[in-house]
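Participant: Contents are mmCIF, C-alpha atoms; file name run-v1.cif:
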data_target
#
loop_
_atom_site.group_PDB
_atom_site.id
_atom_site.type_symbol
_atom_site.label_atom_id
_atom_site.label_comp_id
_atom_site.auth_asym_id
_atom_site.auth_seq_id
_atom_site.Cartn_x
_atom_site.Cartn_y
_atom_site.Cartn_z
ATOM 1 C CA MET A 1 -77.661 -175.333 12.698
ATOM 2 C CA THR A 2 -75.307 -173.775 15.219
ATOM 3 C CA LEU A 3 -71.625 -173.300 14.485
ATOM 4 C CA ASN A 4 -70.549 -175.744 17.208
ATOM 5 C CA ALA A 5 -72.597 -178.502 15.492
ATOM 6 C CA LYS A 6 -70.942 -178.022 12.081
ATOM 7 C CA PHE A 7 -68.075 -180.251 10.974
ATOM 8 C CA LEU A 8 -66.688 -177.711 8.475
ATOM 9 C CA LEU A 9 -66.603 -173.946 8.890
ATOM 10 C CA SER A 10 -65.836 -171.346 6.273
ATOM 11 C CA VAL A 11 -62.873 -169.150 7.137
ATOM 12 C CA ARG A 12 -65.273 -166.327 8.019
ATOM 13 C CA GLU A 13 -67.339 -168.599 10.285
ATOM 14 C CA ALA A 14 -64.172 -169.942 11.928
ATOM 15 C CA SER A 15 -62.979 -166.381 12.483
ATOM 16 C CA GLU A 16 -66.200 -165.535 14.306
ATOM 17 C CA TYR A 17 -66.396 -168.838 16.198
ATOM 18 C CA PHE A 18 -62.808 -168.755 17.482
ATOM 19 C CA ASN A 19 -62.676 -164.962 17.886
ATOM 20 C CA ILE A 20 -59.677 -164.627 15.555
ATOM 21 C CA GLY A 21 -59.403 -161.803 13.032
ATOM 22 C CA ILE A 22 -60.413 -162.695 9.483
ATOM 23 C CA ASN A 23 -56.978 -161.868 7.989
ATOM 24 C CA LYS A 24 -55.204 -163.922 10.659
ATOM 25 C CA MET A 25 -57.607 -166.823 10.074
ATOM 26 C CA TYR A 26 -56.939 -166.753 6.314
ATOM 27 C CA ARG A 27 -53.192 -166.699 6.984
ATOM 28 C CA ILE A 28 -53.411 -169.696 9.354
ATOM 29 C CA ALA A 29 -55.604 -171.624 6.883
ATOM 30 C CA LYS A 30 -53.290 -170.962 3.927
ATOM 31 C CA GLU A 31 -50.228 -172.012 5.950
ATOM 32 C CA ASP A 32 -51.989 -175.255 6.895
ATOM 33 C CA LEU A 33 -52.610 -176.182 3.251
ATOM 34 C CA TYR A 34 -48.894 -176.955 2.997
ATOM 35 C CA GLY A 35 -48.373 -177.909 6.652
ATOM 36 C CA ASP A 36 -49.085 -181.037 8.603
ATOM 37 C CA ASN A 37 -51.934 -180.046 10.923
ATOM 38 C CA TYR A 38 -54.626 -181.146 8.441
ATOM 39 C CA PHE A 39 -57.445 -178.898 9.606
ATOM 40 C CA THR A 40 -57.918 -177.163 6.234
ATOM 41 C CA ILE A 41 -59.781 -178.514 3.206
ATOM 42 C CA GLN A 42 -59.866 -176.738 -0.121
ATOM 43 C CA ASN A 43 -63.133 -177.044 -2.024
ATOM 44 C CA SER A 44 -62.419 -175.523 -5.426
ATOM 45 C CA SER A 45 -61.246 -172.017 -4.464
ATOM 46 C CA ARG A 46 -62.938 -172.041 -1.052
ATOM 47 C CA LEU A 47 -60.999 -172.851 2.114
ATOM 48 C CA MET A 48 -62.876 -174.765 4.794
ATOM 49 C CA ILE A 49 -61.793 -175.418 8.376
ATOM 50 C CA LYS A 50 -62.377 -178.710 10.190
ATOM 51 C CA ARG A 51 -63.717 -177.309 13.454
ATOM 52 C CA GLU A 52 -62.631 -180.100 15.803
ATOM 53 C CA ARG A 53 -59.163 -180.439 14.236
ATOM 54 C CA PHE A 54 -58.648 -176.689 14.517
ATOM 55 C CA GLU A 55 -59.693 -176.820 18.182
ATOM 56 C CA GLU A 56 -57.023 -179.497 18.740
ATOM 57 C CA PHE A 57 -54.478 -177.295 16.955
ATOM 58 C CA LEU A 58 -55.352 -174.357 19.200
ATOM 59 C CA ASN A 59 -55.141 -176.488 22.344
ATOM 60 C CA LYS A 60 -51.565 -177.474 21.406
ATOM 61 C CA SER A 61 -50.516 -173.943 20.412
ATOM 62 C CA PHE A 62 -48.795 -171.437 22.666
ATOM 63 C CA SER A 63 -49.524 -168.516 20.354
ATOM 64 C CA ILE A 64 -51.054 -167.890 16.952
#
Written as structure tokens, that's how I'd like the structure from this file.
Facilitator:
Amino acid sequence: MTLNAKFLLSVREASEYFNIGINKMYRIAKEDLYGDNYFTIQNSSRLMIKRERFEEFLNKSFSI
């Protein structure tokens, strides 16, 4: 399965897919847990990124 066909991406996969550094991706994901963008899901201790919601977030963002 290709990354663009997945609904959820791990933070590492999202980092590779969106070409964002792994530390920056973790920081964005952790901030979203308490924010209102709703692109992060926590499965036990693992953070997952909703790919399409994160794409929408990036399209609305001026900088990250």
Participant: Enumerate, as a list in words, the residues matched when the PyMOL selection byres ((chain A and resi 50) around 8) is run on the file above.
Facilitator: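 The output of the PyMOL selection byres ((chain A and resi 50) around 8) on this file is Phe7, Leu8, Leu9, Phe39, Thr40, Ile41, Met48, Ile49, Arg51, Glu52, Arg53 and Phe54 of chain A.
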Participant: How about saving the chosen residues, C-alpha atoms kept, as a PDB file, in the frame of the given file?
Facilitator:
ATOM      1  CA  PHE A   7     -68.075-180.251  10.974  1.00  0.00           C
ATOM      2  CA  LEU A   8     -66.688-177.711   8.475  1.00  0.00           C
ATOM      3  CA  LEU A   9     -66.603-173.946   8.890  1.00  0.00           C
ATOM      4  CA  PHE A  39     -57.445-178.898   9.606  1.00  0.00           C
ATOM      5  CA  THR A  40     -57.918-177.163   6.234  1.00  0.00           C
ATOM      6  CA  ILE A  41     -59.781-178.514   3.206  1.00  0.00           C
ATOM      7  CA  MET A  48     -62.876-174.765   4.794  1.00  0.00           C
ATOM      8  CA  ILE A  49     -61.793-175.418   8.376  1.00  0.00           C
ATOM      9  CA  ARG A  51     -63.717-177.309  13.454  1.00  0.00           C
ATOM     10  CA  GLU A  52     -62.631-180.100  15.803  1.00  0.00           C
ATOM     11  CA  ARG A  53     -59.163-180.439  14.236  1.00  0.00           C
ATOM     12  CA  PHE A  54     -58.648-176.689  14.517  1.00  0.00           C
TER      13      PHE A  54
END
Participant: Could you please determine the separation between CA of Ser44 (chain A) and CA of Lys6 (chain A) in Å, to one decimal place?
Facilitator: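 Computing the Euclidean distance for CA of Ser44 (chain A) and CA of Lys6 (chain A) yields 19.6 Å.
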Participant: From the options A:Asn23, A:Ser10, A:Thr2, A:Asn59, which residue's atoms come nearest to Ser45 (chain A), counting all atoms listed in the file?
Facilitator: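 Residue with the minimum atom-to-atom distance to Ser45 (chain A): A:Ser10.
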Participant: Pick out the closest residue to Asn19 (chain A) from this set: A:Leu47, A:Leu33, A:Ala5, A:Leu58. Count only C-alpha atoms.
Facilitator: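 Selected residue with least distance to Asn19 (chain A): A:Leu58.
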Participant: To one decimal place, how far is CA of Tyr34 (chain A) from CA of Ser61 (chain A) in Å?
Facilitator: 17.7 Å
Participant: Restricting the calculation to all atoms listed in the file, which member of A:Ser63, A:Phe57, A:Asn4, A:Ser15 is positioned closest to Asn37 (chain A)?
Facilitator: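 That would be A:Phe57, the residue with the smallest distance to Asn37 (chain A).
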Participant: May I ask for the distance between CA of Tyr17 (chain A) and CA of Glu31 (chain A), given in Å to one decimal place?
Facilitator: 19.4 Å
Participant: Have a look at A:Gln42, A:Ile64, A:Glu55, A:Glu16 and name the one nearest to Lys30 (chain A); count all atoms listed in the file.
Facilitator: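 Using all atoms listed in the file, the shortest distance to Lys30 (chain A) belongs to A:Gln42.
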